[in-house]
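Shown next: start-v6.txt, containing compact mmCIF, C-alpha atoms.
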```txt
# COMPACT_ATOMS: atom_id res chain seq x y z
CA MET A 2 111.82 -15.42 117.16
CA THR A 3 115.36 -16.84 117.39
CA ALA A 4 114.84 -17.90 121.01
CA LEU A 5 111.76 -19.87 119.96
CA ARG A 6 113.50 -21.63 117.07
CA THR A 7 116.67 -22.65 118.89
CA PRO A 8 115.15 -25.56 120.90
CA ALA A 9 113.46 -26.91 117.77
CA LEU A 10 116.72 -26.76 115.83
CA ARG A 11 118.65 -28.51 118.57
CA ARG A 12 116.07 -31.21 119.19
CA PRO A 13 117.10 -33.60 116.34
CA GLY A 14 120.72 -33.46 117.41
CA ARG A 15 119.78 -34.10 121.02
CA LEU A 16 117.60 -37.05 120.07
CA LEU A 17 120.45 -38.48 118.01
CA ALA A 18 122.85 -38.12 120.94
CA GLU A 19 120.39 -39.80 123.31
CA ALA A 20 119.84 -42.65 120.85
CA ALA A 21 123.60 -43.14 120.52
CA ALA A 22 123.95 -43.16 124.31
CA LEU A 23 121.20 -45.76 124.66
CA LEU A 24 122.80 -47.90 121.97
CA ALA A 25 126.18 -47.71 123.69
CA ALA A 26 124.57 -48.59 127.03
CA ALA A 27 122.83 -51.58 125.47
CA VAL A 28 126.08 -52.83 123.93
CA VAL A 29 127.86 -52.54 127.29
CA ALA A 30 125.01 -54.10 129.29
CA PHE A 31 124.35 -57.03 126.95
CA PRO A 32 127.28 -59.19 128.15
CA LEU A 33 126.10 -58.72 131.74
CA TYR A 34 122.57 -59.64 130.75
CA TRP A 35 123.79 -62.77 128.94
CA MET A 36 125.90 -63.76 131.94
CA VAL A 37 122.96 -63.53 134.34
CA LEU A 38 120.65 -65.22 131.85
CA SER A 39 123.07 -68.12 131.38
CA ALA A 40 123.36 -68.49 135.15
CA PHE A 41 119.60 -69.12 135.36
CA LYS A 42 119.31 -71.30 132.26
CA PRO A 43 119.09 -75.08 132.67
CA ALA A 44 121.97 -77.13 131.27
CA GLY A 45 120.03 -78.16 128.18
CA GLU A 46 119.44 -74.57 127.06
CA ILE A 47 123.03 -73.52 127.71
CA GLN A 48 124.38 -76.31 125.52
CA SER A 49 121.78 -75.77 122.80
CA THR A 50 123.03 -75.02 119.32
CA GLU A 51 120.25 -72.42 118.95
CA PRO A 52 120.76 -69.99 121.86
CA ARG A 53 117.87 -67.73 122.76
CA PRO A 54 118.03 -64.42 124.64
CA TRP A 55 115.45 -65.64 127.15
CA THR A 56 114.45 -68.71 129.14
CA LEU A 57 111.03 -70.05 129.99
CA SER A 58 112.27 -72.44 132.66
CA PRO A 59 114.75 -70.63 134.95
CA SER A 60 116.74 -72.83 137.29
CA LEU A 61 118.92 -72.29 140.37
CA ASP A 62 120.99 -75.44 139.83
CA SER A 63 124.05 -73.47 138.69
CA PHE A 64 123.98 -71.31 141.82
CA ARG A 65 123.53 -74.41 143.95
CA ARG A 66 126.69 -75.92 142.49
CA VAL A 67 128.57 -72.69 143.17
CA PHE A 68 127.55 -72.41 146.82
CA GLU A 69 128.10 -76.12 147.41
CA GLN A 70 131.68 -75.76 146.28
CA GLN A 71 134.10 -76.49 149.09
CA ASP A 72 135.56 -73.42 150.83
CA PHE A 73 133.53 -70.98 148.71
CA GLY A 74 132.92 -68.83 151.79
CA ARG A 75 136.65 -68.74 152.51
CA TYR A 76 137.40 -67.65 148.95
CA PHE A 77 134.81 -64.87 149.23
CA LEU A 78 136.29 -63.69 152.54
CA ASN A 79 139.82 -63.72 151.11
CA SER A 80 138.75 -61.55 148.18
CA LEU A 81 136.95 -59.18 150.52
CA LEU A 82 139.97 -58.89 152.83
CA VAL A 83 142.38 -58.20 149.97
CA ALA A 84 140.12 -55.64 148.29
CA THR A 85 139.36 -53.85 151.56
CA ALA A 86 143.03 -53.68 152.53
CA VAL A 87 144.01 -52.27 149.13
CA VAL A 88 141.20 -49.69 149.14
CA LEU A 89 141.92 -48.40 152.66
CA ALA A 90 145.70 -48.39 152.32
CA SER A 91 145.69 -46.76 148.88
CA ALA A 92 143.24 -44.08 150.05
CA VAL A 93 145.36 -43.05 153.04
CA ILE A 94 148.72 -43.22 151.25
CA ALA A 95 147.43 -41.48 148.11
CA PHE A 96 145.86 -38.70 150.18
CA LEU A 97 149.10 -38.03 152.07
CA ALA A 98 151.23 -38.27 148.91
CA ALA A 99 148.93 -36.01 146.90
CA THR A 100 149.02 -33.44 149.68
CA ALA A 101 152.81 -33.61 149.81
CA VAL A 102 153.40 -33.16 146.08
CA THR A 103 150.79 -30.38 145.88
CA ARG A 104 151.43 -28.32 149.01
CA PHE A 105 155.20 -28.69 149.38
CA ARG A 106 158.08 -27.74 147.09
CA PHE A 107 160.99 -30.14 147.22
CA ARG A 108 163.73 -31.43 144.98
CA PHE A 109 162.80 -33.95 142.28
CA ARG A 110 159.08 -33.28 142.81
CA THR A 111 158.45 -33.06 139.06
CA THR A 112 160.56 -36.16 138.47
CA LEU A 113 158.48 -38.04 141.01
CA LEU A 114 155.25 -37.04 139.28
CA VAL A 115 156.62 -38.16 135.91
CA MET A 116 157.56 -41.49 137.45
CA PHE A 117 153.95 -41.92 138.54
CA LEU A 118 152.88 -41.52 134.92
CA VAL A 119 155.54 -43.93 133.68
CA ALA A 120 154.38 -46.51 136.22
CA GLN A 121 150.90 -46.35 134.72
CA MET A 122 152.26 -47.14 131.25
CA VAL A 123 153.99 -50.40 132.18
CA PRO A 124 151.79 -53.46 131.41
CA VAL A 125 150.95 -55.59 134.41
CA GLU A 126 151.86 -58.75 132.51
CA ALA A 127 155.42 -57.51 131.97
CA LEU A 128 155.96 -57.22 135.73
CA THR A 129 154.39 -60.48 136.82
CA ILE A 130 157.59 -62.56 136.66
CA PRO A 131 159.77 -59.96 138.46
CA LEU A 132 157.07 -59.60 141.10
CA PHE A 133 156.97 -63.37 141.51
CA PHE A 134 160.68 -63.49 142.35
CA LEU A 135 160.26 -60.47 144.63
CA MET A 136 157.43 -62.16 146.55
CA ARG A 137 159.43 -65.38 146.73
CA ASP A 138 162.47 -63.65 148.18
CA ALA A 139 160.26 -61.79 150.66
CA GLY A 140 158.58 -65.03 151.74
CA LEU A 141 155.12 -63.81 150.75
CA LEU A 142 154.15 -66.50 148.25
CA ASN A 143 150.90 -68.33 149.11
CA THR A 144 149.81 -65.44 151.34
CA LEU A 145 147.25 -62.70 150.88
CA GLY A 146 150.04 -60.16 151.28
CA SER A 147 151.35 -61.18 147.86
CA LEU A 148 148.09 -59.85 146.41
CA VAL A 149 147.73 -56.74 148.55
CA LEU A 150 151.17 -55.25 147.86
CA PRO A 151 151.15 -55.44 144.02
CA HIS A 152 147.62 -54.05 143.74
CA LEU A 153 148.51 -51.31 146.19
CA ALA A 154 151.53 -50.39 144.09
CA PHE A 155 149.53 -50.31 140.85
CA SER A 156 146.62 -48.31 142.29
CA LEU A 157 148.68 -45.56 143.95
CA PRO A 158 149.97 -43.69 140.84
CA PHE A 159 146.46 -43.19 139.44
CA ALA A 160 145.06 -42.25 142.85
CA ILE A 161 147.80 -39.72 143.54
CA TRP A 162 147.44 -38.05 140.16
CA MET A 163 143.68 -37.82 140.53
CA LEU A 164 143.78 -36.47 144.09
CA ARG A 165 146.27 -33.75 143.17
CA GLY A 166 143.48 -31.81 141.52
CA PHE A 167 141.25 -32.01 144.58
CA VAL A 168 144.02 -30.93 146.97
CA ARG A 169 145.03 -28.07 144.67
CA ALA A 170 141.40 -26.89 144.51
CA VAL A 171 141.39 -26.24 148.27
CA PRO A 172 142.55 -22.62 148.78
CA GLU A 173 145.74 -22.18 150.73
CA ALA A 174 144.02 -19.30 152.51
CA LEU A 175 141.81 -21.87 154.20
CA GLU A 176 144.88 -23.53 155.70
CA GLU A 177 146.27 -20.18 156.81
CA GLN A 178 142.97 -19.32 158.48
CA ALA A 179 142.97 -22.68 160.27
CA ARG A 180 146.46 -22.03 161.59
CA ILE A 181 145.43 -18.60 162.81
CA ASP A 182 142.57 -20.26 164.69
CA GLY A 183 145.09 -22.55 166.38
CA ALA A 184 144.69 -25.73 164.30
CA SER A 185 147.80 -27.78 163.87
CA HIS A 186 148.89 -29.07 160.48
CA ALA A 187 147.71 -32.59 161.33
CA ARG A 188 144.31 -31.31 162.47
CA PHE A 189 143.86 -29.30 159.28
CA LEU A 190 144.89 -32.32 157.26
CA TRP A 191 142.35 -34.76 158.73
CA THR A 192 139.45 -32.55 159.86
CA ILE A 193 139.34 -29.99 157.03
CA LEU A 194 141.27 -31.15 153.97
CA PHE A 195 140.33 -34.84 154.15
CA PRO A 196 136.52 -34.25 154.02
CA LEU A 197 136.97 -31.83 151.12
CA VAL A 198 138.84 -34.37 148.97
CA LEU A 199 136.66 -37.30 150.05
CA PRO A 200 134.77 -37.43 146.70
CA GLY A 201 138.09 -37.92 144.92
CA LEU A 202 139.07 -40.64 147.37
CA VAL A 203 135.79 -42.43 146.70
CA ALA A 204 136.35 -42.26 142.93
CA THR A 205 139.85 -43.73 143.20
CA SER A 206 138.64 -46.35 145.69
CA VAL A 207 136.10 -47.67 143.18
CA PHE A 208 138.79 -48.33 140.60
CA SER A 209 141.05 -49.91 143.22
CA PHE A 210 138.26 -52.15 144.48
CA ILE A 211 137.20 -53.35 141.01
CA SER A 212 140.74 -54.12 139.81
CA THR A 213 141.59 -55.97 143.03
CA TRP A 214 138.32 -57.86 143.30
CA ASN A 215 138.50 -59.15 139.72
CA ASP A 216 142.20 -60.03 139.82
CA PHE A 217 143.12 -63.42 138.41
CA LEU A 218 146.67 -62.95 137.12
CA PHE A 219 148.36 -62.24 140.45
CA ALA A 220 146.25 -64.80 142.29
CA LYS A 221 147.18 -67.48 139.76
CA SER A 222 150.87 -66.51 139.85
CA PHE A 223 151.46 -66.01 143.58
CA LEU A 224 149.04 -68.49 145.20
CA ILE A 225 150.62 -71.74 144.08
CA SER A 226 150.03 -74.50 146.62
CA ASP A 227 147.98 -73.12 149.52
CA THR A 228 144.39 -73.24 148.25
CA SER A 229 143.09 -71.82 151.53
CA GLN A 230 144.46 -68.44 150.42
CA SER A 231 142.67 -68.51 147.05
CA THR A 232 140.25 -65.79 145.99
CA LEU A 233 136.96 -65.93 144.11
CA PRO A 234 138.42 -65.70 140.57
CA MET A 235 140.51 -68.77 141.38
CA ALA A 236 137.37 -70.59 142.55
CA LEU A 237 135.97 -70.39 139.02
CA LEU A 238 138.71 -72.73 137.80
CA VAL A 239 136.80 -75.62 139.37
CA PHE A 240 134.16 -75.31 136.65
CA PHE A 241 136.70 -75.49 133.82
CA LYS A 242 137.08 -79.20 133.08
CA PRO A 243 139.16 -81.03 130.46
CA ASP A 244 136.22 -82.84 128.91
CA GLU A 245 133.44 -80.24 129.15
CA ASN A 246 133.25 -76.87 130.88
CA ASP A 247 130.40 -76.20 133.30
CA TRP A 248 129.25 -72.94 131.71
CA GLY A 249 126.27 -72.68 134.01
CA GLY A 250 128.54 -72.78 137.06
CA ILE A 251 130.97 -70.33 135.45
CA MET A 252 128.19 -67.84 134.73
CA ALA A 253 126.63 -68.29 138.16
CA GLY A 254 130.00 -67.80 139.87
CA SER A 255 130.68 -64.71 137.78
CA THR A 256 127.26 -63.34 138.72
CA VAL A 257 127.96 -63.87 142.41
CA MET A 258 131.32 -62.12 141.98
CA THR A 259 129.61 -59.13 140.35
CA ILE A 260 127.15 -58.52 143.20
CA PRO A 261 129.67 -57.04 145.72
CA VAL A 262 130.99 -54.69 143.04
CA LEU A 263 127.45 -53.46 142.30
CA VAL A 264 126.69 -53.04 146.00
CA PHE A 265 129.89 -51.08 146.54
CA PHE A 266 129.13 -48.91 143.50
CA VAL A 267 125.58 -48.16 144.68
CA LEU A 268 126.81 -47.20 148.16
CA VAL A 269 129.32 -44.66 146.83
CA GLN A 270 127.46 -43.59 143.70
CA ARG A 271 126.72 -40.01 144.74
CA ARG A 272 130.24 -39.26 145.90
CA LEU A 273 131.64 -41.07 142.86
CA VAL A 274 129.77 -38.76 140.46
CA SER A 275 130.93 -35.64 142.29
CA GLY A 276 134.47 -37.02 142.44
CA LEU A 277 134.65 -37.72 138.71
CA GLY A 278 133.11 -34.31 138.04
CA GLY A 279 135.79 -32.65 140.10
CA ALA A 280 138.51 -34.56 138.31
CA VAL A 281 137.16 -33.57 134.89
CA LYS A 282 136.82 -29.96 135.97
CA ASP A 283 140.41 -29.92 137.12
```
Would you mind writing the file out in structure tokens?
Amino acid sequence: MTALRTPALRRPGRLLAEAAALLAAAVVAFPLYWMVLSAFKPAGEIQSTEPRPWTLSPSLDSFRRVFEQQDFGRYFLNSLLVATAVVLASAVIAFLAATAVTRFRFRFRTTLLVMFLVAQMVPVEALTIPLFFLMRDAGLLNTLGSLVLPHLAFSLPFAIWMLRGFVRAVPEALEEQARIDGASHARFLWTILFPLVLPGLVATSVFSFISTWNDFLFAKSFLISDTSQSTLPMALLVFFKPDENDWGGIMAGSTVMTIPVLVFFVLVQRRLVSGLGGAVKD
């Protein structure tokens, strides 16, 4: 009798949880919906004093203005190069560092891990001016390297901390067995351990890609005079005008910027879910 009543007793609570989840999803998705909607609205509807959550006359004029912008393709390629470089470099370095701090015992190991946490607590805005002088002294201003290095530095602490759990979950007996079979340490590292922690690498790569792709602060601070090195967020400044902002162009440009992030997320979705699950389990 109890087994038959339990589902019925739990059903109202489950329905309430599902309704709360749908409400939260709607709240999160509404700004994205409004952005895409505004990108397709004609100028008259965007500037209307009575905005409506729909449009009966969609238009591609805003997208046309975006793609007709000079050097838009170059800006897109610059963003893609910076994001790809940060993702690949952070994945390799974080994997090696996480393996080192997990598998090896050395002096100041705990201090190093605490420093990773402290680095995550420092606001990016507080370091922008010191980083500017650092990039100036290194001769990296107005180059894509001035964007790659800071994002790489900010993405590594999180990636290393997250990958520690995946490396620790691999039994040391597996490494001993590989050595008995004649595998070198490097071979075990790249042919056995690397595939096992790949879901964690994918999860950290998503966060690195999103933060780098959407960066505006560093691009505005370090790319001063050479517009050929600008990225997509900088391209949106063209639509901000002193007299009247082109909100249709801003929304269309933001929509175009969102597409690569969605594509990247869809491609790694399965491994991302397993990676986040492994991190939570740890």
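In this structure, atom CA of A:Leu224 sits 17.4 Å away from atom CA of A:Gly74.
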Can you build me a table of stretch 148-259 of chain A residues sitting at most 12 Å from stretch 43-48 of chain A, with the closest atom pair per residue and its distance in Å to one decimal, using all atoms listed in the file, sorted by chain and residue number, as JSON lines?
```
{"residue": "A:Glu245", "atom": "CA", "partner": "A:Gln48", "partner_atom": "CA", "distance": 10.5}
{"residue": "A:Asn246", "atom": "CA", "partner": "A:Gln48", "partner_atom": "CA", "distance": 10.4}
{"residue": "A:Asp247", "atom": "CA", "partner": "A:Ala44", "partner_atom": "CA", "distance": 8.7}
{"residue": "A:Trp248", "atom": "CA", "partner": "A:Ile47", "partner_atom": "CA", "distance": 7.4}
{"residue": "A:Gly249", "atom": "CA", "partner": "A:Ala44", "partner_atom": "CA", "distance": 6.8}
{"residue": "A:Gly250", "atom": "CA", "partner": "A:Ala44", "partner_atom": "CA", "distance": 9.8}
{"residue": "A:Ile251", "atom": "CA", "partner": "A:Ile47", "partner_atom": "CA", "distance": 11.5}
{"residue": "A:Met252", "atom": "CA", "partner": "A:Ile47", "partner_atom": "CA", "distance": 10.4}
{"residue": "A:Ala253", "atom": "CA", "partner": "A:Pro43", "partner_atom": "CA", "distance": 11.5}
```
Who sits within 8 Å of stretch 107-123 of chain A, only C-alpha atoms, same chain under 3 positions skipped, as a PDB file with C-alpha atoms, in the frame of the given file:
```pdb
ATOM      1  CA  VAL A 102     153.400 -33.160 146.080  1.00  0.00           C
ATOM      2  CA  ALA A 127     155.420 -57.510 131.970  1.00  0.00           C
ATOM      3  CA  LEU A 128     155.960 -57.220 135.730  1.00  0.00           C
ATOM      4  CA  PHE A 155     149.530 -50.310 140.850  1.00  0.00           C
ATOM      5  CA  PRO A 158     149.970 -43.690 140.840  1.00  0.00           C
ATOM      6  CA  PHE A 159     146.460 -43.190 139.440  1.00  0.00           C
ATOM      7  CA  TRP A 162     147.440 -38.050 140.160  1.00  0.00           C
TER       8      TRP A 162
END
```
Stretch 246-263 of chain A, all listed atoms, 8 Å padding on each side: what axis-aligned box centre and edge lengths in Å to one decimal come out, as AutoDock Vina command-line options?
```
--center_x 129.8 --center_y -65.2 --center_z 138.3 --size_x 23.0 --size_y 39.4 --size_z 30.8
```
Expected residue set, 9 Å radius at (136.9, -54.8, 148.1), only C-alpha atoms, as a PDB file with C-alpha atoms, keeping the file's coordinate frame:
```pdb
ATOM      1  CA  SER A  80     138.750 -61.550 148.180  1.00  0.00           C
ATOM      2  CA  LEU A  81     136.950 -59.180 150.520  1.00  0.00           C
ATOM      3  CA  LEU A  82     139.970 -58.890 152.830  1.00  0.00           C
ATOM      4  CA  VAL A  83     142.380 -58.200 149.970  1.00  0.00           C
ATOM      5  CA  ALA A  84     140.120 -55.640 148.290  1.00  0.00           C
ATOM      6  CA  THR A  85     139.360 -53.850 151.560  1.00  0.00           C
ATOM      7  CA  ALA A  86     143.030 -53.680 152.530  1.00  0.00           C
ATOM      8  CA  VAL A  87     144.010 -52.270 149.130  1.00  0.00           C
ATOM      9  CA  VAL A  88     141.200 -49.690 149.140  1.00  0.00           C
ATOM     10  CA  SER A 206     138.640 -46.350 145.690  1.00  0.00           C
ATOM     11  CA  VAL A 207     136.100 -47.670 143.180  1.00  0.00           C
ATOM     12  CA  SER A 209     141.050 -49.910 143.220  1.00  0.00           C
ATOM     13  CA  PHE A 210     138.260 -52.150 144.480  1.00  0.00           C
ATOM     14  CA  ILE A 211     137.200 -53.350 141.010  1.00  0.00           C
ATOM     15  CA  THR A 213     141.590 -55.970 143.030  1.00  0.00           C
ATOM     16  CA  TRP A 214     138.320 -57.860 143.300  1.00  0.00           C
ATOM     17  CA  PRO A 261     129.670 -57.040 145.720  1.00  0.00           C
ATOM     18  CA  VAL A 262     130.990 -54.690 143.040  1.00  0.00           C
ATOM     19  CA  PHE A 265     129.890 -51.080 146.540  1.00  0.00           C
TER      20      PHE A 265
END
```
Exercise. Leaving out A:Arg137 and any residue of its chain fewer than 4 positions from it, which residues lie within 12 Å of it when counting all atoms listed in the file, given as a ChimeraX atom specification?
Worked result: /A:130-133,141-144,146-147,222-225
For this session: Identify which of the residues A:Phe266, A:Pro172, A:Leu194, A:Leu145 lies closest to A:Asn79, counting all atoms listed in the file when measuring atom-to-atom distances.
Result: A:Leu145
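When only C-alpha atoms are used to measure the gap to A:Thr228, the shortest distance among A:Phe73, A:Trp55, A:Phe41, A:Phe208 belongs to A:Phe73.
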Problem set entry | Given all atoms listed in the file as the counted atoms, nearest of A:Gly14, A:Pro54, A:Pro200, A:Pro234 to A:Asn215 |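 Closest to A:Asn215 of all the choices is A:Pro234.
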Exercise. By how many Å are atom CA of A:Met163 and atom CA of A:Gly201 apart?
Worked result: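 Pair atom CA of A:Met163 / atom CA of A:Gly201 returns 7.1 Å.
Going from atom CA of A:Ala204 to atom CA of A:Leu164 covers 9.5 Å.
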Around the point (136.7, -37.3, 150.6), in the coordinates given by the file, pick out the residues reaching within 12 Å, counting only C-alpha atoms, and return them as a PDB file with C-alpha atoms, in the coordinates of the input.
```
ATOM      1  CA  ALA A  92     143.240 -44.080 150.050  1.00  0.00           C
ATOM      2  CA  VAL A  93     145.360 -43.050 153.040  1.00  0.00           C
ATOM      3  CA  ALA A  95     147.430 -41.480 148.110  1.00  0.00           C
ATOM      4  CA  PHE A  96     145.860 -38.700 150.180  1.00  0.00           C
ATOM      5  CA  LEU A 164     143.780 -36.470 144.090  1.00  0.00           C
ATOM      6  CA  PHE A 167     141.250 -32.010 144.580  1.00  0.00           C
ATOM      7  CA  VAL A 168     144.020 -30.930 146.970  1.00  0.00           C
ATOM      8  CA  LEU A 190     144.890 -32.320 157.260  1.00  0.00           C
ATOM      9  CA  TRP A 191     142.350 -34.760 158.730  1.00  0.00           C
ATOM     10  CA  THR A 192     139.450 -32.550 159.860  1.00  0.00           C
ATOM     11  CA  ILE A 193     139.340 -29.990 157.030  1.00  0.00           C
ATOM     12  CA  LEU A 194     141.270 -31.150 153.970  1.00  0.00           C
ATOM     13  CA  PHE A 195     140.330 -34.840 154.150  1.00  0.00           C
ATOM     14  CA  PRO A 196     136.520 -34.250 154.020  1.00  0.00           C
ATOM     15  CA  LEU A 197     136.970 -31.830 151.120  1.00  0.00           C
ATOM     16  CA  VAL A 198     138.840 -34.370 148.970  1.00  0.00           C
ATOM     17  CA  LEU A 199     136.660 -37.300 150.050  1.00  0.00           C
ATOM     18  CA  PRO A 200     134.770 -37.430 146.700  1.00  0.00           C
ATOM     19  CA  GLY A 201     138.090 -37.920 144.920  1.00  0.00           C
ATOM     20  CA  LEU A 202     139.070 -40.640 147.370  1.00  0.00           C
ATOM     21  CA  VAL A 203     135.790 -42.430 146.700  1.00  0.00           C
ATOM     22  CA  ALA A 204     136.350 -42.260 142.930  1.00  0.00           C
ATOM     23  CA  THR A 205     139.850 -43.730 143.200  1.00  0.00           C
ATOM     24  CA  SER A 206     138.640 -46.350 145.690  1.00  0.00           C
ATOM     25  CA  VAL A 269     129.320 -44.660 146.830  1.00  0.00           C
ATOM     26  CA  ARG A 271     126.720 -40.010 144.740  1.00  0.00           C
ATOM     27  CA  ARG A 272     130.240 -39.260 145.900  1.00  0.00           C
ATOM     28  CA  LEU A 273     131.640 -41.070 142.860  1.00  0.00           C
ATOM     29  CA  SER A 275     130.930 -35.640 142.290  1.00  0.00           C
ATOM     30  CA  GLY A 276     134.470 -37.020 142.440  1.00  0.00           C
ATOM     31  CA  GLY A 279     135.790 -32.650 140.100  1.00  0.00           C
TER      32      GLY A 279
END
```
Exercise. Of the residues A:Gln230, A:Ala25, A:Thr100, A:Ala154, which is the one nearest to A:His186, using only C-alpha atoms?
Worked result: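 With only C-alpha atoms as the atom set, the closest residue is A:Thr100.
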A:Val37: which residues within 9 Å, counting all atoms listed in the file, same-chain residues fewer than 2 positions away excluded, as a PDB file with C-alpha atoms, keeping the file's coordinate frame?
```pdb
ATOM      1  CA  PRO A  32     127.280 -59.190 128.150  1.00  0.00           C
ATOM      2  CA  LEU A  33     126.100 -58.720 131.740  1.00  0.00           C
ATOM      3  CA  TYR A  34     122.570 -59.640 130.750  1.00  0.00           C
ATOM      4  CA  TRP A  35     123.790 -62.770 128.940  1.00  0.00           C
ATOM      5  CA  SER A  39     123.070 -68.120 131.380  1.00  0.00           C
ATOM      6  CA  ALA A  40     123.360 -68.490 135.150  1.00  0.00           C
ATOM      7  CA  PHE A  41     119.600 -69.120 135.360  1.00  0.00           C
ATOM      8  CA  LYS A  42     119.310 -71.300 132.260  1.00  0.00           C
ATOM      9  CA  MET A 252     128.190 -67.840 134.730  1.00  0.00           C
ATOM     10  CA  ALA A 253     126.630 -68.290 138.160  1.00  0.00           C
ATOM     11  CA  SER A 255     130.680 -64.710 137.780  1.00  0.00           C
ATOM     12  CA  THR A 256     127.260 -63.340 138.720  1.00  0.00           C
TER      13      THR A 256
END
```
